[in-house]
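The file upload_2.cif comes next; it holds mmCIF, C-alpha atoms.
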```cif
data_data
#
loop_
_atom_site.label_atom_id
_atom_site.label_comp_id
_atom_site.auth_asym_id
_atom_site.auth_seq_id
_atom_site.Cartn_x
_atom_site.Cartn_y
_atom_site.Cartn_z
CA MET A 1 10.66 -18.78 43.34
CA LYS A 2 13.11 -21.14 41.71
CA ALA A 3 10.36 -22.51 39.46
CA PHE A 4 9.37 -18.94 38.49
CA ARG A 5 12.98 -18.08 37.57
CA GLU A 6 13.30 -21.26 35.51
CA ALA A 7 10.05 -20.49 33.69
CA MET A 8 11.13 -16.94 32.97
CA SER A 9 14.50 -18.16 31.72
CA TRP A 10 12.79 -19.67 28.66
CA ILE A 11 9.70 -17.42 28.42
CA ILE A 12 11.74 -14.19 28.13
CA PRO A 13 13.92 -15.41 25.19
CA ILE A 14 10.78 -16.56 23.38
CA LEU A 15 9.12 -13.17 23.90
CA ILE A 16 12.24 -11.34 22.74
CA GLY A 17 12.38 -13.56 19.65
CA LEU A 18 8.72 -12.86 18.84
CA ILE A 19 9.21 -9.11 19.26
CA ILE A 20 12.27 -9.15 16.97
CA ALA A 21 10.34 -11.17 14.36
CA LEU A 22 7.43 -8.71 14.48
CA VAL A 23 9.75 -5.71 14.13
CA ILE A 24 11.52 -7.32 11.16
CA LYS A 25 8.18 -8.09 9.48
CA GLN A 26 6.81 -4.61 10.13
CA PHE A 27 9.82 -2.54 9.11
CA PHE A 28 12.34 -4.62 7.13
CA PHE A 29 11.06 -7.62 5.18
CA GLN A 30 8.46 -10.33 5.03
CA ILE A 31 7.77 -13.44 2.97
CA VAL A 32 4.95 -13.05 0.44
CA ARG A 33 3.16 -15.73 -1.57
CA VAL A 34 2.43 -14.91 -5.22
CA ASP A 35 -1.24 -15.51 -6.00
CA GLY A 36 -2.26 -16.07 -9.61
CA PRO A 37 -0.54 -16.01 -13.03
CA SER A 38 -0.31 -12.24 -13.61
CA MET A 39 3.50 -12.09 -13.22
CA GLN A 40 4.36 -15.12 -15.33
CA PRO A 41 6.83 -16.09 -16.70
CA ASN A 42 8.96 -14.46 -14.00
CA LEU A 43 6.90 -15.28 -10.92
CA GLN A 44 4.69 -18.36 -10.62
CA ASN A 45 1.45 -18.92 -8.75
CA ASN A 46 2.18 -19.88 -5.10
CA GLU A 47 5.87 -18.93 -5.38
CA ARG A 48 7.21 -17.42 -2.16
CA VAL A 49 9.38 -14.32 -2.40
CA PHE A 50 10.86 -11.67 -0.11
CA CYS A 51 9.29 -8.22 0.21
CA LEU A 52 11.96 -5.68 1.21
CA LYS A 53 10.24 -2.78 2.93
CA THR A 54 13.16 -0.32 2.88
CA ALA A 55 14.22 -0.84 -0.75
CA LYS A 56 13.92 2.15 -3.10
CA ILE A 57 11.35 1.89 -5.88
CA HIS A 58 12.77 2.28 -9.39
CA HIS A 59 11.46 1.91 -12.92
CA GLY A 60 11.12 -1.85 -13.43
CA SER A 61 10.92 -2.72 -9.72
CA VAL A 62 8.47 -5.47 -8.83
CA VAL A 63 6.43 -4.37 -5.82
CA VAL A 64 3.89 -5.70 -3.34
CA PHE A 65 0.98 -3.40 -2.51
CA ASP A 66 -2.40 -3.51 -0.78
CA ALA A 67 -5.06 -3.39 -3.50
CA ASN A 68 -7.81 -2.38 -1.06
CA GLY A 69 -8.64 1.19 -2.03
CA VAL A 70 -6.75 0.84 -5.33
CA ASP A 71 -8.74 -1.81 -7.23
CA PRO A 72 -12.47 -0.98 -6.79
CA GLN A 73 -13.29 -4.71 -6.78
CA VAL A 74 -11.26 -5.26 -3.60
CA SER A 75 -12.79 -4.44 -0.20
CA VAL A 76 -10.36 -6.14 2.20
CA LYS A 77 -6.55 -6.11 2.46
CA THR A 78 -5.30 -8.03 -0.57
CA ASP A 79 -1.68 -8.13 -1.71
CA TYR A 80 -1.01 -7.60 -5.43
CA VAL A 81 2.41 -8.13 -7.04
CA LYS A 82 3.12 -6.00 -10.15
CA ARG A 83 5.97 -4.26 -11.99
CA VAL A 84 6.45 -0.49 -11.76
CA ILE A 85 6.35 1.09 -15.21
CA GLY A 86 5.62 4.74 -14.42
CA LEU A 87 7.04 6.86 -11.61
CA PRO A 88 5.43 10.12 -10.40
CA GLY A 89 5.35 12.66 -13.23
CA ASP A 90 5.85 10.11 -16.02
CA THR A 91 3.75 9.80 -19.15
CA VAL A 92 3.06 6.20 -20.24
CA SER A 93 1.69 4.82 -23.50
CA SER A 94 1.61 1.55 -25.42
CA LYS A 95 1.73 0.85 -29.15
CA ASN A 96 2.16 -2.46 -30.98
CA GLY A 97 3.51 -4.23 -27.89
CA ASN A 98 6.01 -1.49 -27.11
CA ILE A 99 5.63 0.64 -23.99
CA TYR A 100 6.82 4.23 -23.98
CA VAL A 101 7.65 6.19 -20.83
CA ASN A 102 8.16 9.91 -21.35
CA GLY A 103 8.18 9.23 -25.08
CA LYS A 104 11.03 6.69 -24.92
CA LYS A 105 10.60 2.97 -25.65
CA ILE A 106 11.40 0.90 -22.59
CA ASN A 107 13.40 -2.31 -22.34
CA GLN A 108 11.02 -5.26 -21.93
CA ASP A 109 13.58 -8.05 -22.08
CA TYR A 110 11.89 -9.66 -19.07
CA ILE A 111 9.09 -10.94 -21.34
CA SER A 112 9.13 -12.33 -24.88
CA LYS A 113 8.02 -10.46 -28.00
CA SER A 114 4.81 -12.50 -28.20
CA GLN A 115 4.07 -11.77 -24.54
CA ARG A 116 4.61 -8.06 -25.19
CA THR A 117 2.22 -7.97 -28.11
CA THR A 118 -0.48 -10.25 -26.69
CA GLY A 119 -2.87 -8.45 -24.41
CA THR A 120 -0.98 -5.19 -23.89
CA GLY A 121 -3.07 -3.13 -26.32
CA ASN A 122 -2.59 0.36 -27.74
CA TRP A 123 -3.30 3.17 -25.29
CA THR A 124 -2.27 6.29 -23.44
CA LEU A 125 -2.96 6.98 -19.77
CA ARG A 126 -5.76 9.32 -20.83
CA SER A 127 -7.40 6.82 -23.18
CA ILE A 128 -7.42 3.92 -20.70
CA SER A 129 -8.54 6.14 -17.82
CA VAL A 130 -11.60 7.18 -19.85
CA GLN A 131 -12.20 3.75 -21.40
CA ASN A 132 -12.12 1.96 -18.04
CA SER A 133 -13.83 4.76 -16.07
CA TRP A 134 -11.15 5.10 -13.40
CA LEU A 135 -12.79 6.32 -10.20
CA LYS A 136 -9.75 8.52 -9.53
CA ASN A 137 -7.65 10.45 -12.05
CA ASN A 138 -10.08 9.95 -14.94
CA GLY A 139 -8.53 11.78 -17.90
CA ALA A 140 -5.03 11.74 -16.37
CA THR A 141 -2.11 12.34 -18.74
CA LYS A 142 0.70 11.79 -16.20
CA VAL A 143 1.33 9.62 -13.15
CA PRO A 144 0.31 11.80 -10.17
CA LYS A 145 2.74 12.91 -7.48
CA GLY A 146 3.29 10.20 -4.87
CA GLU A 147 1.77 7.46 -7.06
CA TYR A 148 2.96 4.74 -9.45
CA PHE A 149 1.69 3.02 -12.59
CA VAL A 150 2.07 -0.77 -12.57
CA LEU A 151 1.57 -3.66 -14.99
CA GLY A 152 1.71 -7.42 -14.67
CA ASP A 153 4.27 -9.23 -16.82
CA HIS A 154 1.57 -11.58 -18.16
CA ARG A 155 -0.36 -8.76 -19.80
CA SER A 156 -3.17 -10.83 -21.31
CA VAL A 157 -4.42 -11.98 -17.88
CA SER A 158 -3.16 -9.28 -15.51
CA ASN A 159 -5.59 -7.07 -13.61
CA ASP A 160 -3.38 -4.00 -13.30
CA GLY A 161 -3.09 -0.23 -13.63
CA ARG A 162 -4.64 -0.25 -17.09
CA TYR A 163 -8.01 -1.02 -15.51
CA TRP A 164 -8.05 0.91 -12.22
CA GLY A 165 -5.27 3.52 -12.32
CA PHE A 166 -2.39 4.36 -10.01
CA VAL A 167 -0.96 2.96 -6.77
CA PRO A 168 -0.27 5.46 -3.96
CA LYS A 169 3.15 5.06 -2.33
CA SER A 170 1.39 4.63 1.02
CA LYS A 171 -0.14 1.38 -0.28
CA ILE A 172 3.18 -0.17 -1.34
CA ASP A 173 4.60 -2.63 1.20
CA GLY A 174 7.97 -3.08 -0.48
CA VAL A 175 10.07 -4.34 -3.37
CA VAL A 176 10.11 -8.03 -4.33
CA LYS A 177 13.34 -10.03 -4.33
CA VAL A 178 13.43 -13.69 -5.36
CA PRO A 179 15.60 -15.99 -3.21
CA SER A 180 18.24 -18.22 -4.82
CA TRP A 181 16.29 -21.43 -4.21
CA THR A 182 13.27 -20.58 -6.36
CA GLY A 183 12.72 -19.79 -10.04
CA THR A 184 15.54 -19.91 -12.60
CA LYS A 185 18.61 -17.71 -12.98
CA THR A 186 16.85 -15.76 -15.74
CA THR A 187 13.56 -15.23 -13.90
CA ARG A 188 15.36 -14.26 -10.71
CA GLU A 189 17.41 -11.69 -12.61
CA ASN A 190 14.27 -10.36 -14.33
CA VAL A 191 12.81 -9.56 -10.91
CA ASN A 192 15.87 -8.82 -8.77
CA LYS A 193 18.06 -6.66 -11.00
CA GLU A 194 18.25 -2.89 -10.80
CA TRP A 195 16.98 -1.51 -14.10
CA GLN A 196 19.76 0.91 -15.03
CA HIS A 197 18.85 0.26 -18.67
CA PHE A 198 15.10 0.74 -18.29
CA TYR A 199 14.92 2.46 -21.67
CA ASP A 200 15.80 0.62 -24.88
CA LYS A 201 19.27 1.46 -26.17
#
```

With the file now loaded, output its structure as structure tokens.
Amino acid sequence: MKAFREAMSWIIPILIGLIIALVIKQFFFQIVRVDGPSMQPNLQNNERVFCLKTAKIHHGSVVVFDANGVDPQVSVKTDYVKRVIGLPGDTVSSKNGNIYVNGKKINQDYISKSQRTTGTGNWTLRSISVQNSWLKNNGATKVPKGEYFVLGDHRSVSNDGRYWGFVPKSKIDGVVKVPSWTGTKTTRENVNKEWQHFYDK
């Protein structure tokens, strides 16, 4: 009996710790590894960041979502990291490296002018939905209710909403925050800040 009590004295704290860790991962935050160059220069391949599950999604938020059921080329759970450009009800278009949301040019200070103009293309939601034969929302002119339009910061290599459409809110795991020990002050701010000035002044 004494041996049983001694065993339980260290087994129970371990079990409690595991349960707490699982609850935190499921409902509050988890650590995510960035895979690929699609969010450069602000997030690097293999960089580890926090995914906050309870954070509100804004214009400019960087989010983690399950691409299975979103990108037709993905058939198993696969995390993508992209930036939210269009919220439900928004119109989105691109011209000469500038992106317009609801007819207003947005602030893209998080990437350089050359990065904005290389690979972004000229399009509207309708034109890219038809051009890329989106399986859902082909011919869409606005972001549907309960869904989001996302782009990678490294536009010339990013596989993003331009090619397969919108991300349902149910697929989004959370909002990315970069810890103080990774990246640079500028890249951390480009990911972490709240985009009160989403539109160009």

Requested in this report: Might you spell out which residues the PyMOL selection byres ((chain A and resi 28-36) around 9) would select in the displayed file, as a ChimeraX atom specification?
Outcome: /A:23-27,37-40,43-55,64,79-81,174,176

Distance query A:Asn68 at most 10 Å, only C-alpha atoms, self and fewer than 2 positions along chain excluded, as an mmCIF file with C-alpha atoms, in the coordinates of the input:
```
data_model
loop_
_atom_site.group_PDB
_atom_site.id
_atom_site.type_symbol
_atom_site.label_atom_id
_atom_site.label_comp_id
_atom_site.auth_asym_id
_atom_site.auth_seq_id
_atom_site.Cartn_x
_atom_site.Cartn_y
_atom_site.Cartn_z
ATOM 1 C CA PHE A 65 0.980 -3.400 -2.510
ATOM 2 C CA ASP A 66 -2.400 -3.510 -0.780
ATOM 3 C CA VAL A 70 -6.750 0.840 -5.330
ATOM 4 C CA ASP A 71 -8.740 -1.810 -7.230
ATOM 5 C CA PRO A 72 -12.470 -0.980 -6.790
ATOM 6 C CA GLN A 73 -13.290 -4.710 -6.780
ATOM 7 C CA VAL A 74 -11.260 -5.260 -3.600
ATOM 8 C CA SER A 75 -12.790 -4.440 -0.200
ATOM 9 C CA VAL A 76 -10.360 -6.140 2.200
ATOM 10 C CA LYS A 77 -6.550 -6.110 2.460
ATOM 11 C CA THR A 78 -5.300 -8.030 -0.570
ATOM 12 C CA ASP A 79 -1.680 -8.130 -1.710
ATOM 13 C CA TYR A 80 -1.010 -7.600 -5.430
ATOM 14 C CA LYS A 171 -0.140 1.380 -0.280
#
```

Specify as a PDB file with C-alpha atoms, in the frame of the given file each residue included when the PyMOL selection byres ((chain A and resi 137-149) around 12) is applied to this file.
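The resulting file, selection21.pdb, is reproduced below:
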```pdb
ATOM      1  CA  ILE A  57      11.350   1.890  -5.880  1.00  0.00           C
ATOM      2  CA  HIS A  58      12.770   2.280  -9.390  1.00  0.00           C
ATOM      3  CA  HIS A  59      11.460   1.910 -12.920  1.00  0.00           C
ATOM      4  CA  GLY A  60      11.120  -1.850 -13.430  1.00  0.00           C
ATOM      5  CA  SER A  61      10.920  -2.720  -9.720  1.00  0.00           C
ATOM      6  CA  VAL A  62       8.470  -5.470  -8.830  1.00  0.00           C
ATOM      7  CA  VAL A  63       6.430  -4.370  -5.820  1.00  0.00           C
ATOM      8  CA  PHE A  65       0.980  -3.400  -2.510  1.00  0.00           C
ATOM      9  CA  VAL A  70      -6.750   0.840  -5.330  1.00  0.00           C
ATOM     10  CA  LYS A  82       3.120  -6.000 -10.150  1.00  0.00           C
ATOM     11  CA  ARG A  83       5.970  -4.260 -11.990  1.00  0.00           C
ATOM     12  CA  VAL A  84       6.450  -0.490 -11.760  1.00  0.00           C
ATOM     13  CA  ILE A  85       6.350   1.090 -15.210  1.00  0.00           C
ATOM     14  CA  GLY A  86       5.620   4.740 -14.420  1.00  0.00           C
ATOM     15  CA  LEU A  87       7.040   6.860 -11.610  1.00  0.00           C
ATOM     16  CA  PRO A  88       5.430  10.120 -10.400  1.00  0.00           C
ATOM     17  CA  GLY A  89       5.350  12.660 -13.230  1.00  0.00           C
ATOM     18  CA  ASP A  90       5.850  10.110 -16.020  1.00  0.00           C
ATOM     19  CA  THR A  91       3.750   9.800 -19.150  1.00  0.00           C
ATOM     20  CA  VAL A  92       3.060   6.200 -20.240  1.00  0.00           C
ATOM     21  CA  SER A  93       1.690   4.820 -23.500  1.00  0.00           C
ATOM     22  CA  VAL A 101       7.650   6.190 -20.830  1.00  0.00           C
ATOM     23  CA  ASN A 102       8.160   9.910 -21.350  1.00  0.00           C
ATOM     24  CA  GLY A 103       8.180   9.230 -25.080  1.00  0.00           C
ATOM     25  CA  TRP A 123      -3.300   3.170 -25.290  1.00  0.00           C
ATOM     26  CA  THR A 124      -2.270   6.290 -23.440  1.00  0.00           C
ATOM     27  CA  LEU A 125      -2.960   6.980 -19.770  1.00  0.00           C
ATOM     28  CA  ARG A 126      -5.760   9.320 -20.830  1.00  0.00           C
ATOM     29  CA  SER A 127      -7.400   6.820 -23.180  1.00  0.00           C
ATOM     30  CA  ILE A 128      -7.420   3.920 -20.700  1.00  0.00           C
ATOM     31  CA  SER A 129      -8.540   6.140 -17.820  1.00  0.00           C
ATOM     32  CA  VAL A 130     -11.600   7.180 -19.850  1.00  0.00           C
ATOM     33  CA  GLN A 131     -12.200   3.750 -21.400  1.00  0.00           C
ATOM     34  CA  ASN A 132     -12.120   1.960 -18.040  1.00  0.00           C
ATOM     35  CA  SER A 133     -13.830   4.760 -16.070  1.00  0.00           C
ATOM     36  CA  TRP A 134     -11.150   5.100 -13.400  1.00  0.00           C
ATOM     37  CA  LEU A 135     -12.790   6.320 -10.200  1.00  0.00           C
ATOM     38  CA  LYS A 136      -9.750   8.520  -9.530  1.00  0.00           C
ATOM     39  CA  VAL A 150       2.070  -0.770 -12.570  1.00  0.00           C
ATOM     40  CA  LEU A 151       1.570  -3.660 -14.990  1.00  0.00           C
ATOM     41  CA  GLY A 152       1.710  -7.420 -14.670  1.00  0.00           C
ATOM     42  CA  ASP A 160      -3.380  -4.000 -13.300  1.00  0.00           C
ATOM     43  CA  GLY A 161      -3.090  -0.230 -13.630  1.00  0.00           C
ATOM     44  CA  ARG A 162      -4.640  -0.250 -17.090  1.00  0.00           C
ATOM     45  CA  TYR A 163      -8.010  -1.020 -15.510  1.00  0.00           C
ATOM     46  CA  TRP A 164      -8.050   0.910 -12.220  1.00  0.00           C
ATOM     47  CA  GLY A 165      -5.270   3.520 -12.320  1.00  0.00           C
ATOM     48  CA  PHE A 166      -2.390   4.360 -10.010  1.00  0.00           C
ATOM     49  CA  VAL A 167      -0.960   2.960  -6.770  1.00  0.00           C
ATOM     50  CA  PRO A 168      -0.270   5.460  -3.960  1.00  0.00           C
ATOM     51  CA  LYS A 169       3.150   5.060  -2.330  1.00  0.00           C
ATOM     52  CA  SER A 170       1.390   4.630   1.020  1.00  0.00           C
ATOM     53  CA  LYS A 171      -0.140   1.380  -0.280  1.00  0.00           C
ATOM     54  CA  ILE A 172       3.180  -0.170  -1.340  1.00  0.00           C
TER      55      ILE A 172
END
```

* To do: Could you give me, as an MDAnalysis selection string, the residues that sit within 12 Å of (7.0, -2.7, -22.6) in the file's coordinates, counting all atoms listed in the file?
  => chainID A and resid 59:60 83:86 92:101 104:122 150:155 198:200

Original post:
Between A:Lys201, A:Asn42, A:Thr187, A:Glu194, which one has atoms that come closest to A:Lys56, using all atoms listed in the file?
Top reply: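 Of A:Lys201, A:Asn42, A:Thr187, A:Glu194, the one nearest A:Lys56 is A:Glu194, counting all atoms listed in the file.
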
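One distance worth recording is that between atom CA of A:Pro41 and atom CA of A:Asp173, which is 22.5 Å.
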
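For the pair atom CA of A:Pro179 and atom CA of A:Asn192, the separation is 9.1 Å.
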
- Message: Report, in Å with one decimal, the straight-line distance from atom CA of A:Lys177 to atom CA of A:Val191.
- Response: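 Interatomic distance, atom CA of A:Lys177 to atom CA of A:Val191: 6.6 Å.
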
Incomplete stretch 72-108 of chain A filled out to N, CA and C atoms as a short mmCIF file (atom, residue, chain, number, x, y, z; two decimals), keeping the file's coordinate frame:
```cif
data_model
loop_
_atom_site.label_atom_id
_atom_site.label_comp_id
_atom_site.auth_asym_id
_atom_site.auth_seq_id
_atom_site.Cartn_x
_atom_site.Cartn_y
_atom_site.Cartn_z
N PRO A 72 -11.12 -1.13 -7.34
CA PRO A 72 -12.47 -0.98 -6.79
C PRO A 72 -13.16 -2.30 -6.46
N GLN A 73 -12.68 -3.41 -7.04
CA GLN A 73 -13.29 -4.71 -6.78
C GLN A 73 -12.81 -5.32 -5.48
N VAL A 74 -11.83 -4.71 -4.83
CA VAL A 74 -11.26 -5.26 -3.60
C VAL A 74 -11.73 -4.44 -2.40
N SER A 75 -12.25 -5.14 -1.37
CA SER A 75 -12.79 -4.44 -0.20
C SER A 75 -12.10 -4.84 1.10
N VAL A 76 -11.14 -5.77 1.03
CA VAL A 76 -10.36 -6.14 2.20
C VAL A 76 -8.89 -6.13 1.80
N LYS A 77 -7.98 -6.13 2.78
CA LYS A 77 -6.55 -6.11 2.46
C LYS A 77 -6.20 -7.29 1.58
N THR A 78 -5.67 -7.00 0.40
CA THR A 78 -5.30 -8.03 -0.57
C THR A 78 -4.00 -7.61 -1.22
N ASP A 79 -2.97 -8.46 -1.13
CA ASP A 79 -1.68 -8.13 -1.71
C ASP A 79 -1.67 -8.42 -3.21
N TYR A 80 -1.26 -7.42 -4.01
CA TYR A 80 -1.01 -7.60 -5.43
C TYR A 80 0.50 -7.49 -5.65
N VAL A 81 1.01 -8.23 -6.63
CA VAL A 81 2.41 -8.13 -7.04
C VAL A 81 2.45 -7.70 -8.51
N LYS A 82 3.05 -6.55 -8.78
CA LYS A 82 3.12 -6.00 -10.15
C LYS A 82 4.46 -5.31 -10.36
N ARG A 83 4.73 -4.95 -11.63
CA ARG A 83 5.97 -4.26 -11.99
C ARG A 83 5.71 -2.77 -12.19
N VAL A 84 6.58 -1.95 -11.63
CA VAL A 84 6.45 -0.49 -11.76
C VAL A 84 6.93 -0.06 -13.15
N ILE A 85 6.03 0.58 -13.89
CA ILE A 85 6.35 1.09 -15.21
C ILE A 85 6.49 2.61 -15.19
N GLY A 86 5.59 3.28 -14.48
CA GLY A 86 5.62 4.74 -14.42
C GLY A 86 5.83 5.26 -13.02
N LEU A 87 6.80 6.18 -12.87
CA LEU A 87 7.04 6.86 -11.61
C LEU A 87 6.26 8.18 -11.60
N PRO A 88 6.14 8.85 -10.44
CA PRO A 88 5.43 10.12 -10.40
C PRO A 88 5.94 11.11 -11.45
N GLY A 89 5.00 11.68 -12.20
CA GLY A 89 5.35 12.66 -13.23
C GLY A 89 5.55 12.08 -14.61
N ASP A 90 5.62 10.75 -14.73
CA ASP A 90 5.85 10.11 -16.02
C ASP A 90 4.59 10.11 -16.89
N THR A 91 4.81 10.15 -18.21
CA THR A 91 3.75 9.80 -19.15
C THR A 91 4.00 8.35 -19.58
N VAL A 92 2.93 7.60 -19.84
CA VAL A 92 3.06 6.20 -20.24
C VAL A 92 2.09 5.93 -21.38
N SER A 93 2.57 5.21 -22.40
CA SER A 93 1.69 4.82 -23.50
C SER A 93 2.16 3.48 -24.06
N SER A 94 1.29 2.85 -24.83
CA SER A 94 1.61 1.55 -25.42
C SER A 94 1.18 1.52 -26.88
N LYS A 95 2.05 0.97 -27.73
CA LYS A 95 1.73 0.85 -29.15
C LYS A 95 2.43 -0.37 -29.73
N ASN A 96 1.64 -1.26 -30.31
CA ASN A 96 2.16 -2.46 -30.98
C ASN A 96 3.08 -3.29 -30.09
N GLY A 97 2.72 -3.42 -28.81
CA GLY A 97 3.51 -4.23 -27.89
C GLY A 97 4.68 -3.51 -27.27
N ASN A 98 4.95 -2.29 -27.72
CA ASN A 98 6.01 -1.49 -27.11
C ASN A 98 5.40 -0.51 -26.12
N ILE A 99 6.09 -0.33 -24.98
CA ILE A 99 5.63 0.64 -23.99
C ILE A 99 6.60 1.82 -23.98
N TYR A 100 6.04 3.00 -23.95
CA TYR A 100 6.82 4.23 -23.98
C TYR A 100 6.61 5.00 -22.68
N VAL A 101 7.70 5.36 -22.04
CA VAL A 101 7.65 6.19 -20.83
C VAL A 101 8.36 7.50 -21.14
N ASN A 102 7.64 8.58 -20.99
CA ASN A 102 8.16 9.91 -21.35
C ASN A 102 8.63 9.95 -22.80
N GLY A 103 7.89 9.23 -23.66
CA GLY A 103 8.18 9.23 -25.08
C GLY A 103 9.29 8.30 -25.52
N LYS A 104 9.93 7.59 -24.57
CA LYS A 104 11.03 6.69 -24.92
C LYS A 104 10.58 5.24 -24.75
N LYS A 105 10.95 4.40 -25.73
CA LYS A 105 10.60 2.97 -25.65
C LYS A 105 11.39 2.30 -24.54
N ILE A 106 10.71 1.53 -23.70
CA ILE A 106 11.40 0.90 -22.59
C ILE A 106 11.88 -0.51 -22.95
N ASN A 107 12.84 -0.97 -22.19
CA ASN A 107 13.40 -2.31 -22.34
C ASN A 107 12.45 -3.31 -21.67
N GLN A 108 11.90 -4.22 -22.47
CA GLN A 108 11.02 -5.26 -21.93
C GLN A 108 11.62 -6.65 -22.13
#
```
